[in-house]
Amino acid sequence: MSEARVLPQAEVARASSLPLASEDSGGPLLEAGFRKRMAAQGQEFVLDVKFRAAAGFTILFGPSGAGKTTLLDCVAGLVTPDAGRIGVADRVLFDAGQRANISVSRRRVGYLFQSLALFPHFTVEQNVQYGLAHLPRAEGNERVSAILRAFRVSHLAQRNVREISGGESQRVALARTLVTDPAVLLLDEPLAALDAATKAKIIDDLRQWNRVHRIPILYVTHSREEVFALGERVLVLDAGRIVAQGTPHEVMTAPLQETVAQLVGFENIFDTTVDEVHPERGTMICRLEANGQSPVTLETPLVRAEVGSALRVGIRAGDILLATSPPQGLSARNVIRGVLTAVAQRDMIVAAHVNCGVDLEVHLTLAARDSLQLAQGKEVWLVIKTHSCHLMQK
Amino acid sequence: MAIDWQAFWLTLQLAVVVSAALLVLGLPIAYWIAFSRWRWKFLVEAVVALPIVLPPTVLGFYVLVALGPRSPVGRWWIGLTGHTLAFTFSGLVIGSILYSLPFAVQPFAASFAGVDRRLIAASATLGASPLRTFFRVIVPLSAPGLITGAALSFAHTMGEFGVVLMVGGNIPGVTRTVSIDIFDRVQASDYSGANQTALLLLVLCFVLLAVVYGVNRKAWAVGPVK
């Protein structure tokens, strides 16, 4: 991944400063601003978004039901927005004002569905050939074999798509989409089902392809890891709206709105009141109201707030250290005593709940749980660094 | 007298022509039923399904009236050919197409609707026109439904009686079909003749349906690759 990260840096700098002029994006720019009202199961849902995506990866991140797939469907033309405009480079794909709505088959928008949608009655080669019917046979065959080579699936050409593995299917589906030379590529969690190593290899091949074919790629995911692994630029979608955008670092580590905080996995979110402000040290003391017990105080980074302001603080469960005896000689400023109330295993992590007056969730490895002999009722100390406390507006 | 082979071949001809015509006519109707989002679509579905519940004599009566010299359609045909459609093989074909329409259209529409929408969407995003998508993706993946629809309309036409009698009458070599032949024999107390013909029809329909269900049972896997 380190090699892949070199190029994006320049992109990040440009992409993060909206607005972006199409001349300096180094490729066609996808510009979209549209609204779509939908009714599902009696509930009304409104997708209302405005964004730009330059050449390279743009991550579309959000919980399920946020409207990610609907957004992609609108760009592809499978769903018609009620209002707004969608354009790629100089081409208008949809414009409600001008009553322009280019049909799906003429949009040149490559779309890789979560289900991949490989044609089950065709071989791998026939699937990849499908989008090249307009080309002379020889040229089509040449392009098919070139793309099959680029995605390392040449040896599967004559196989039926039902006989190939998950990772191979992803590669074939990607090849089938890219061989048509799309102007925009939409990926709807196409790699969700793959293991990390297979996924990384496919992403590398896709990046390689994207270096030559500079087109915008909208990549949908709800995995936080993928955002950081792929991220050049992130759009965070929640309940039909883009609630944050920027580089993964900007969006994912310093959220200002709580909706983002919940999305990016702050397991611990509390109401807090500012007790003391120390501009000279760059810190503040915030008090968490504990029910029936003495309040918990936290040293947090300084934000623009006055004594007495009500804020929220978010702490990731993975950022908290847990000790079974009072720790000493630490740089961390917050050491809080509490009692273990629950220890539960989730996949490869252990989620421990500690009552310190407030309930805090802490994530540990299985080995840590075993060596500390954690059990319900045990007295523990939690260690939280000042900069692990993320303040946000209430 | 043994089996009336003339009536038998006529019936076979009728069934072949009708199921071929339904394959052509039924595909666009079924496509529209499967994919249209028109709010009054259910009315069209009800009209298509009518022949299932309507007494064949009722259907036959209206077809006869429509084909006769007093209706615009009948007059147009007479102006074109010089004779009426009623009591001809062509008239029989028209009546039978209407009578067997639901037996073709319903399996067609059900199998079209069963094709994964994402496969259809994938075809469109790959630049295929709706027509290309229809013939390259929807039809191949609906093969079992198409076979079933064609076979059902064939078998249904083989055995029809009421509509044929109303529209075609009983003209040997022109409109006299097997089921009318059986009816005539029973009227004339020729039970053994009736039995032979009836048995032939029964076995034929059974074999046809058995073949269709047997073919469809095979792994025509429909749907996306998981």
# chains A, B, ... in the order shown; residues from 1 in each chain; ligands from 1

call {"tool": "interface_residues", "arguments": {"of": "chain A", "to": "chain B", "cutoff": "6 Å", "atoms": "only C-alpha atoms", "output": "list in words"}}
result
Val104, Ser105, Ala117, Gly131 and Arg162 of chain A

call {"tool": "residues_around", "arguments": {"residues": "Asp188 in chain A", "least_positions_apart": "2", "cutoff": "7 Å", "atoms": "only C-alpha atoms", "output": "PyMOL selection string"}}
result
chain A and resi 69+112-114+186+190+219-220

call {"tool": "select_by_dssp", "arguments": {"residues": "range 65-153 of chain B", "states": "helix (DSSP H, G or I)", "output": "PDB file with N, CA and C atoms, in the first residue's frame"}}
result
ATOM      1  N   VAL B  65     -68.877 -12.939 -32.909  1.00  0.00           N
ATOM      2  CA  VAL B  65     -69.499 -11.658 -33.229  1.00  0.00           C
ATOM      3  C   VAL B  65     -68.452 -10.712 -33.820  1.00  0.00           C
ATOM      4  N   ALA B  66     -67.259 -10.712 -33.178  1.00  0.00           N
ATOM      5  CA  ALA B  66     -66.204  -9.784 -33.619  1.00  0.00           C
ATOM      6  C   ALA B  66     -65.714 -10.125 -35.027  1.00  0.00           C
ATOM      7  N   LEU B  67     -65.738 -11.415 -35.349  1.00  0.00           N
ATOM      8  CA  LEU B  67     -65.232 -11.822 -36.664  1.00  0.00           C
ATOM      9  C   LEU B  67     -66.300 -11.713 -37.747  1.00  0.00           C
ATOM     10  N   PRO B  72     -66.533  -4.172 -37.252  1.00  0.00           N
ATOM     11  CA  PRO B  72     -65.527  -3.499 -38.106  1.00  0.00           C
ATOM     12  C   PRO B  72     -64.411  -4.453 -38.522  1.00  0.00           C
ATOM     13  N   VAL B  73     -63.961  -5.276 -37.552  1.00  0.00           N
ATOM     14  CA  VAL B  73     -62.874  -6.215 -37.859  1.00  0.00           C
ATOM     15  C   VAL B  73     -63.318  -7.185 -38.942  1.00  0.00           C
ATOM     16  N   GLY B  74     -64.513  -7.733 -38.771  1.00  0.00           N
ATOM     17  CA  GLY B  74     -65.046  -8.690 -39.739  1.00  0.00           C
ATOM     18  C   GLY B  74     -65.197  -8.060 -41.107  1.00  0.00           C
ATOM     19  N   ARG B  75     -65.732  -6.832 -41.140  1.00  0.00           N
ATOM     20  CA  ARG B  75     -65.926  -6.141 -42.427  1.00  0.00           C
ATOM     21  C   ARG B  75     -64.595  -5.890 -43.122  1.00  0.00           C
ATOM     22  N   TRP B  76     -63.597  -5.486 -42.294  1.00  0.00           N
ATOM     23  CA  TRP B  76     -62.266  -5.211 -42.846  1.00  0.00           C
ATOM     24  C   TRP B  76     -61.699  -6.475 -43.490  1.00  0.00           C
ATOM     25  N   TRP B  77     -61.871  -7.600 -42.814  1.00  0.00           N
ATOM     26  CA  TRP B  77     -61.344  -8.877 -43.317  1.00  0.00           C
ATOM     27  C   TRP B  77     -62.075  -9.296 -44.595  1.00  0.00           C
ATOM     28  N   ILE B  78     -63.375  -9.095 -44.600  1.00  0.00           N
ATOM     29  CA  ILE B  78     -64.147  -9.457 -45.796  1.00  0.00           C
ATOM     30  C   ILE B  78     -63.724  -8.582 -46.983  1.00  0.00           C
ATOM     31  N   GLY B  79     -63.503  -7.278 -46.671  1.00  0.00           N
ATOM     32  CA  GLY B  79     -63.043  -6.358 -47.716  1.00  0.00           C
ATOM     33  C   GLY B  79     -61.687  -6.778 -48.265  1.00  0.00           C
ATOM     34  N   LEU B  80     -60.885  -7.374 -47.392  1.00  0.00           N
ATOM     35  CA  LEU B  80     -59.514  -7.744 -47.763  1.00  0.00           C
ATOM     36  C   LEU B  80     -59.492  -9.058 -48.546  1.00  0.00           C
ATOM     37  N   THR B  81     -60.274 -10.047 -48.084  1.00  0.00           N
ATOM     38  CA  THR B  81     -60.161 -11.400 -48.634  1.00  0.00           C
ATOM     39  C   THR B  81     -61.407 -11.861 -49.374  1.00  0.00           C
ATOM     40  N   PHE B  89     -60.269 -21.741 -40.739  1.00  0.00           N
ATOM     41  CA  PHE B  89     -59.118 -22.104 -39.907  1.00  0.00           C
ATOM     42  C   PHE B  89     -58.488 -20.853 -39.292  1.00  0.00           C
ATOM     43  N   SER B  90     -58.405 -19.767 -40.059  1.00  0.00           N
ATOM     44  CA  SER B  90     -57.827 -18.524 -39.539  1.00  0.00           C
ATOM     45  C   SER B  90     -58.638 -18.004 -38.351  1.00  0.00           C
ATOM     46  N   GLY B  91     -59.953 -18.095 -38.482  1.00  0.00           N
ATOM     47  CA  GLY B  91     -60.809 -17.654 -37.379  1.00  0.00           C
ATOM     48  C   GLY B  91     -60.558 -18.489 -36.143  1.00  0.00           C
ATOM     49  N   LEU B  92     -60.358 -19.779 -36.387  1.00  0.00           N
ATOM     50  CA  LEU B  92     -60.070 -20.700 -35.288  1.00  0.00           C
ATOM     51  C   LEU B  92     -58.759 -20.317 -34.590  1.00  0.00           C
ATOM     52  N   VAL B  93     -57.781 -19.950 -35.406  1.00  0.00           N
ATOM     53  CA  VAL B  93     -56.481 -19.546 -34.848  1.00  0.00           C
ATOM     54  C   VAL B  93     -56.657 -18.313 -33.954  1.00  0.00           C
ATOM     55  N   ILE B  94     -57.412 -17.325 -34.432  1.00  0.00           N
ATOM     56  CA  ILE B  94     -57.610 -16.097 -33.650  1.00  0.00           C
ATOM     57  C   ILE B  94     -58.305 -16.413 -32.327  1.00  0.00           C
ATOM     58  N   GLY B  95     -59.371 -17.203 -32.398  1.00  0.00           N
ATOM     59  CA  GLY B  95     -60.091 -17.572 -31.174  1.00  0.00           C
ATOM     60  C   GLY B  95     -59.191 -18.319 -30.203  1.00  0.00           C
ATOM     61  N   SER B  96     -58.385 -19.243 -30.746  1.00  0.00           N
ATOM     62  CA  SER B  96     -57.523 -20.056 -29.886  1.00  0.00           C
ATOM     63  C   SER B  96     -56.410 -19.228 -29.250  1.00  0.00           C
ATOM     64  N   ILE B  97     -55.907 -18.255 -29.995  1.00  0.00           N
ATOM     65  CA  ILE B  97     -54.859 -17.387 -29.435  1.00  0.00           C
ATOM     66  C   ILE B  97     -55.410 -16.655 -28.214  1.00  0.00           C
ATOM     67  N   LEU B  98     -56.609 -16.105 -28.360  1.00  0.00           N
ATOM     68  CA  LEU B  98     -57.210 -15.388 -27.227  1.00  0.00           C
ATOM     69  C   LEU B  98     -57.453 -16.346 -26.060  1.00  0.00           C
ATOM     70  N   TYR B  99     -57.941 -17.543 -26.414  1.00  0.00           N
ATOM     71  CA  TYR B  99     -58.305 -18.502 -25.381  1.00  0.00           C
ATOM     72  C   TYR B  99     -57.075 -18.997 -24.604  1.00  0.00           C
ATOM     73  N   SER B 100     -55.950 -19.145 -25.285  1.00  0.00           N
ATOM     74  CA  SER B 100     -54.740 -19.669 -24.627  1.00  0.00           C
ATOM     75  C   SER B 100     -53.785 -18.579 -24.163  1.00  0.00           C
ATOM     76  N   LEU B 101     -54.151 -17.326 -24.390  1.00  0.00           N
ATOM     77  CA  LEU B 101     -53.248 -16.212 -24.064  1.00  0.00           C
ATOM     78  C   LEU B 101     -52.692 -16.271 -22.633  1.00  0.00           C
ATOM     79  N   PRO B 102     -53.539 -16.451 -21.618  1.00  0.00           N
ATOM     80  CA  PRO B 102     -52.982 -16.448 -20.253  1.00  0.00           C
ATOM     81  C   PRO B 102     -52.024 -17.606 -19.999  1.00  0.00           C
ATOM     82  N   PHE B 103     -52.239 -18.730 -20.709  1.00  0.00           N
ATOM     83  CA  PHE B 103     -51.375 -19.889 -20.463  1.00  0.00           C
ATOM     84  C   PHE B 103     -49.962 -19.651 -20.989  1.00  0.00           C
ATOM     85  N   ALA B 104     -49.823 -18.710 -21.911  1.00  0.00           N
ATOM     86  CA  ALA B 104     -48.491 -18.339 -22.387  1.00  0.00           C
ATOM     87  C   ALA B 104     -47.967 -17.134 -21.605  1.00  0.00           C
ATOM     88  N   VAL B 105     -48.787 -16.098 -21.503  1.00  0.00           N
ATOM     89  CA  VAL B 105     -48.312 -14.826 -20.945  1.00  0.00           C
ATOM     90  C   VAL B 105     -47.958 -14.946 -19.456  1.00  0.00           C
ATOM     91  N   GLN B 106     -48.749 -15.678 -18.702  1.00  0.00           N
ATOM     92  CA  GLN B 106     -48.460 -15.731 -17.264  1.00  0.00           C
ATOM     93  C   GLN B 106     -47.130 -16.401 -16.929  1.00  0.00           C
ATOM     94  N   PRO B 107     -46.822 -17.574 -17.482  1.00  0.00           N
ATOM     95  CA  PRO B 107     -45.477 -18.117 -17.213  1.00  0.00           C
ATOM     96  C   PRO B 107     -44.363 -17.220 -17.762  1.00  0.00           C
ATOM     97  N   PHE B 108     -44.589 -16.606 -18.931  1.00  0.00           N
ATOM     98  CA  PHE B 108     -43.573 -15.698 -19.485  1.00  0.00           C
ATOM     99  C   PHE B 108     -43.302 -14.564 -18.500  1.00  0.00           C
ATOM    100  N   ALA B 109     -44.387 -13.899 -18.092  1.00  0.00           N
ATOM    101  CA  ALA B 109     -44.246 -12.713 -17.222  1.00  0.00           C
ATOM    102  C   ALA B 109     -43.609 -13.084 -15.891  1.00  0.00           C
ATOM    103  N   ALA B 110     -44.010 -14.245 -15.346  1.00  0.00           N
ATOM    104  CA  ALA B 110     -43.451 -14.667 -14.059  1.00  0.00           C
ATOM    105  C   ALA B 110     -41.953 -14.898 -14.180  1.00  0.00           C
ATOM    106  N   SER B 111     -41.523 -15.514 -15.289  1.00  0.00           N
ATOM    107  CA  SER B 111     -40.089 -15.780 -15.397  1.00  0.00           C
ATOM    108  C   SER B 111     -39.313 -14.506 -15.724  1.00  0.00           C
ATOM    109  N   PHE B 112     -39.915 -13.578 -16.471  1.00  0.00           N
ATOM    110  CA  PHE B 112     -39.237 -12.294 -16.711  1.00  0.00           C
ATOM    111  C   PHE B 112     -39.045 -11.562 -15.386  1.00  0.00           C
ATOM    112  N   ALA B 113     -40.112 -11.539 -14.590  1.00  0.00           N
ATOM    113  CA  ALA B 113     -40.049 -10.817 -13.318  1.00  0.00           C
ATOM    114  C   ALA B 113     -39.045 -11.475 -12.374  1.00  0.00           C
ATOM    115  N   GLY B 114     -38.784 -12.774 -12.596  1.00  0.00           N
ATOM    116  CA  GLY B 114     -37.858 -13.476 -11.722  1.00  0.00           C
ATOM    117  C   GLY B 114     -36.388 -13.239 -12.061  1.00  0.00           C
ATOM    118  N   ARG B 117     -32.905  -8.172 -11.156  1.00  0.00           N
ATOM    119  CA  ARG B 117     -32.918  -6.815 -11.735  1.00  0.00           C
ATOM    120  C   ARG B 117     -31.512  -6.244 -11.908  1.00  0.00           C
ATOM    121  N   ARG B 118     -30.605  -6.709 -11.063  1.00  0.00           N
ATOM    122  CA  ARG B 118     -29.236  -6.198 -11.167  1.00  0.00           C
ATOM    123  C   ARG B 118     -28.543  -6.710 -12.435  1.00  0.00           C
ATOM    124  N   LEU B 119     -28.967  -7.896 -12.926  1.00  0.00           N
ATOM    125  CA  LEU B 119     -28.403  -8.383 -14.187  1.00  0.00           C
ATOM    126  C   LEU B 119     -28.877  -7.502 -15.333  1.00  0.00           C
ATOM    127  N   ILE B 120     -30.125  -7.087 -15.262  1.00  0.00           N
ATOM    128  CA  ILE B 120     -30.688  -6.220 -16.300  1.00  0.00           C
ATOM    129  C   ILE B 120     -30.005  -4.857 -16.234  1.00  0.00           C
ATOM    130  N   ALA B 121     -29.810  -4.364 -15.007  1.00  0.00           N
ATOM    131  CA  ALA B 121     -29.133  -3.075 -14.824  1.00  0.00           C
ATOM    132  C   ALA B 121     -27.681  -3.172 -15.308  1.00  0.00           C
ATOM    133  N   ALA B 122     -27.024  -4.303 -15.005  1.00  0.00           N
ATOM    134  CA  ALA B 122     -25.629  -4.480 -15.426  1.00  0.00           C
ATOM    135  C   ALA B 122     -25.541  -4.419 -16.941  1.00  0.00           C
ATOM    136  N   SER B 123     -26.484  -5.065 -17.604  1.00  0.00           N
ATOM    137  CA  SER B 123     -26.493  -5.060 -19.066  1.00  0.00           C
ATOM    138  C   SER B 123     -26.600  -3.630 -19.593  1.00  0.00           C
ATOM    139  N   ALA B 124     -27.479  -2.829 -18.979  1.00  0.00           N
ATOM    140  CA  ALA B 124     -27.650  -1.437 -19.416  1.00  0.00           C
ATOM    141  C   ALA B 124     -26.382  -0.627 -19.183  1.00  0.00           C
ATOM    142  N   THR B 125     -25.756  -0.794 -18.016  1.00  0.00           N
ATOM    143  CA  THR B 125     -24.549  -0.004 -17.744  1.00  0.00           C
ATOM    144  C   THR B 125     -23.405  -0.430 -18.672  1.00  0.00           C
ATOM    145  N   PRO B 130     -32.226  -1.749 -24.526  1.00  0.00           N
ATOM    146  CA  PRO B 130     -33.232  -2.620 -23.913  1.00  0.00           C
ATOM    147  C   PRO B 130     -33.516  -3.866 -24.754  1.00  0.00           C
ATOM    148  N   LEU B 131     -33.483  -3.724 -26.089  1.00  0.00           N
ATOM    149  CA  LEU B 131     -33.756  -4.872 -26.953  1.00  0.00           C
ATOM    150  C   LEU B 131     -32.657  -5.929 -26.822  1.00  0.00           C
ATOM    151  N   ARG B 132     -31.406  -5.463 -26.809  1.00  0.00           N
ATOM    152  CA  ARG B 132     -30.280  -6.390 -26.670  1.00  0.00           C
ATOM    153  C   ARG B 132     -30.332  -7.061 -25.293  1.00  0.00           C
ATOM    154  N   THR B 133     -30.639  -6.272 -24.274  1.00  0.00           N
ATOM    155  CA  THR B 133     -30.770  -6.832 -22.929  1.00  0.00           C
ATOM    156  C   THR B 133     -31.845  -7.905 -22.915  1.00  0.00           C
ATOM    157  N   PHE B 134     -32.949  -7.638 -23.614  1.00  0.00           N
ATOM    158  CA  PHE B 134     -34.061  -8.591 -23.635  1.00  0.00           C
ATOM    159  C   PHE B 134     -33.630  -9.924 -24.250  1.00  0.00           C
ATOM    160  N   PHE B 135     -33.008  -9.859 -25.424  1.00  0.00           N
ATOM    161  CA  PHE B 135     -32.693 -11.102 -26.111  1.00  0.00           C
ATOM    162  C   PHE B 135     -31.441 -11.804 -25.591  1.00  0.00           C
ATOM    163  N   ARG B 136     -30.511 -11.036 -25.024  1.00  0.00           N
ATOM    164  CA  ARG B 136     -29.255 -11.654 -24.583  1.00  0.00           C
ATOM    165  C   ARG B 136     -29.277 -12.045 -23.103  1.00  0.00           C
ATOM    166  N   VAL B 137     -30.076 -11.359 -22.306  1.00  0.00           N
ATOM    167  CA  VAL B 137     -30.073 -11.630 -20.864  1.00  0.00           C
ATOM    168  C   VAL B 137     -31.424 -12.170 -20.387  1.00  0.00           C
ATOM    169  N   ILE B 138     -32.490 -11.405 -20.658  1.00  0.00           N
ATOM    170  CA  ILE B 138     -33.785 -11.776 -20.067  1.00  0.00           C
ATOM    171  C   ILE B 138     -34.314 -13.084 -20.652  1.00  0.00           C
ATOM    172  N   VAL B 139     -34.330 -13.198 -21.987  1.00  0.00           N
ATOM    173  CA  VAL B 139     -34.882 -14.409 -22.605  1.00  0.00           C
ATOM    174  C   VAL B 139     -34.092 -15.669 -22.233  1.00  0.00           C
ATOM    175  N   PRO B 140     -32.740 -15.654 -22.374  1.00  0.00           N
ATOM    176  CA  PRO B 140     -32.020 -16.887 -22.002  1.00  0.00           C
ATOM    177  C   PRO B 140     -32.247 -17.298 -20.546  1.00  0.00           C
ATOM    178  N   LEU B 141     -32.337 -16.314 -19.650  1.00  0.00           N
ATOM    179  CA  LEU B 141     -32.509 -16.652 -18.245  1.00  0.00           C
ATOM    180  C   LEU B 141     -33.961 -17.001 -17.914  1.00  0.00           C
ATOM    181  N   ALA B 143     -35.667 -19.083 -19.917  1.00  0.00           N
ATOM    182  CA  ALA B 143     -35.949 -20.246 -20.760  1.00  0.00           C
ATOM    183  C   ALA B 143     -36.981 -21.209 -20.158  1.00  0.00           C
ATOM    184  N   PRO B 144     -36.866 -21.562 -18.877  1.00  0.00           N
ATOM    185  CA  PRO B 144     -37.854 -22.503 -18.334  1.00  0.00           C
ATOM    186  C   PRO B 144     -39.288 -21.980 -18.447  1.00  0.00           C
ATOM    187  N   GLY B 145     -39.473 -20.701 -18.160  1.00  0.00           N
ATOM    188  CA  GLY B 145     -40.800 -20.104 -18.241  1.00  0.00           C
ATOM    189  C   GLY B 145     -41.313 -20.054 -19.669  1.00  0.00           C
ATOM    190  N   LEU B 146     -40.415 -19.811 -20.610  1.00  0.00           N
ATOM    191  CA  LEU B 146     -40.823 -19.749 -22.014  1.00  0.00           C
ATOM    192  C   LEU B 146     -41.240 -21.132 -22.515  1.00  0.00           C
ATOM    193  N   ILE B 147     -40.467 -22.147 -22.115  1.00  0.00           N
ATOM    194  CA  ILE B 147     -40.808 -23.516 -22.508  1.00  0.00           C
ATOM    195  C   ILE B 147     -42.157 -23.913 -21.905  1.00  0.00           C
ATOM    196  N   THR B 148     -42.330 -23.602 -20.623  1.00  0.00           N
ATOM    197  CA  THR B 148     -43.576 -23.936 -19.950  1.00  0.00           C
ATOM    198  C   THR B 148     -44.752 -23.244 -20.635  1.00  0.00           C
ATOM    199  N   GLY B 149     -44.612 -21.962 -20.923  1.00  0.00           N
ATOM    200  CA  GLY B 149     -45.693 -21.195 -21.547  1.00  0.00           C
ATOM    201  C   GLY B 149     -46.059 -21.744 -22.917  1.00  0.00           C
ATOM    202  N   ALA B 150     -45.031 -22.059 -23.706  1.00  0.00           N
ATOM    203  CA  ALA B 150     -45.287 -22.583 -25.050  1.00  0.00           C
ATOM    204  C   ALA B 150     -45.970 -23.943 -24.962  1.00  0.00           C
ATOM    205  N   ALA B 151     -45.506 -24.796 -24.047  1.00  0.00           N
ATOM    206  CA  ALA B 151     -46.076 -26.136 -23.921  1.00  0.00           C
ATOM    207  C   ALA B 151     -47.512 -26.076 -23.417  1.00  0.00           C
ATOM    208  N   LEU B 152     -47.751 -25.205 -22.433  1.00  0.00           N
ATOM    209  CA  LEU B 152     -49.110 -25.087 -21.901  1.00  0.00           C
ATOM    210  C   LEU B 152     -50.068 -24.592 -22.970  1.00  0.00           C
ATOM    211  N   SER B 153     -49.646 -23.609 -23.759  1.00  0.00           N
ATOM    212  CA  SER B 153     -50.574 -23.110 -24.769  1.00  0.00           C
ATOM    213  C   SER B 153     -50.785 -24.156 -25.865  1.00  0.00           C
TER     214      SER B 153
END

call {"tool": "residues_around", "arguments": {"residues": "Arg176 in chain B", "least_positions_apart": "6", "cutoff": "9 Å", "atoms": "only C-alpha atoms", "output": "list in words"}}
result
Gln6, Ala7, Phe8, Leu10, Thr11, Val164, Leu165, Gly168, Gly169 and Asn170 of chain B

call {"tool": "residues_around", "arguments": {"residues": "His363 in chain A", "least_positions_apart": "5", "cutoff": "6 Å", "atoms": "only C-alpha atoms", "output": "list of chain:residue names"}}
result
A:Ala317, A:Gly318, A:Val350, A:Ala351

call {"tool": "write_last_selection", "arguments": {"atoms": "N, CA and C atoms", "output": "compact mmCIF listing (two decimals), in the first residue's frame"}}
result
# COMPACT_ATOMS: atom_id res chain seq x y z
N ALA A 317 -13.24 2.92 21.92
CA ALA A 317 -12.97 1.82 22.86
C ALA A 317 -11.56 1.29 22.70
N GLY A 318 -11.04 1.38 21.47
CA GLY A 318 -9.70 0.86 21.23
C GLY A 318 -8.60 1.80 21.70
N VAL A 350 -12.15 -8.28 22.39
CA VAL A 350 -12.93 -8.45 23.60
C VAL A 350 -13.45 -7.07 24.00
N ALA A 351 -14.75 -6.97 24.17
CA ALA A 351 -15.34 -5.71 24.60
C ALA A 351 -15.61 -5.80 26.10

call {"tool": "residues_around", "arguments": {"residues": "Leu191 in chain A", "least_positions_apart": "4", "cutoff": "12 Å", "atoms": "only C-alpha atoms", "output": "PyMOL selection string"}}
result
chain A and resi 112-116+166-171+173-174+187+195-203+206+219-223+226

call {"tool": "residues_around", "arguments": {"residues": "Val163 in chain B", "least_positions_apart": "5", "cutoff": "7 Å", "atoms": "only C-alpha atoms", "output": "list in words"}}
result
Pro56, Thr57, Leu59, Gly60 and Gly95 of chain B

call {"tool": "write_last_selection", "arguments": {"atoms": "N, CA and C atoms", "output": "PDB file, in the first residue's frame"}}
result
ATOM      1  N   PRO B  56     -65.844 -21.003 -22.125  1.00  0.00           N
ATOM      2  CA  PRO B  56     -65.374 -20.931 -23.512  1.00  0.00           C
ATOM      3  C   PRO B  56     -66.487 -20.476 -24.462  1.00  0.00           C
ATOM      4  N   THR B  57     -67.725 -20.811 -24.131  1.00  0.00           N
ATOM      5  CA  THR B  57     -68.828 -20.400 -25.010  1.00  0.00           C
ATOM      6  C   THR B  57     -68.979 -18.886 -25.028  1.00  0.00           C
ATOM      7  N   LEU B  59     -66.538 -16.638 -24.462  1.00  0.00           N
ATOM      8  CA  LEU B  59     -65.419 -16.122 -25.241  1.00  0.00           C
ATOM      9  C   LEU B  59     -65.665 -16.375 -26.728  1.00  0.00           C
ATOM     10  N   GLY B  60     -66.078 -17.624 -27.034  1.00  0.00           N
ATOM     11  CA  GLY B  60     -66.327 -18.004 -28.416  1.00  0.00           C
ATOM     12  C   GLY B  60     -67.413 -17.148 -29.048  1.00  0.00           C
ATOM     13  N   GLY B  95     -59.371 -17.203 -32.398  1.00  0.00           N
ATOM     14  CA  GLY B  95     -60.091 -17.572 -31.174  1.00  0.00           C
ATOM     15  C   GLY B  95     -59.191 -18.319 -30.203  1.00  0.00           C
TER      16      GLY B  95
END

call {"tool": "atom_distance", "arguments": {"atom1": "CA of Trp38 in chain B", "atom2": "CA of Val92 in chain A"}}
result
28.2 Å

call {"tool": "closest_residue", "arguments": {"among": "A:Phe119, A:Tyr130, A:Phe51, A:Phe151", "to": "Val115 in chain B", "atoms": "only C-alpha atoms"}}
result
A:Phe119
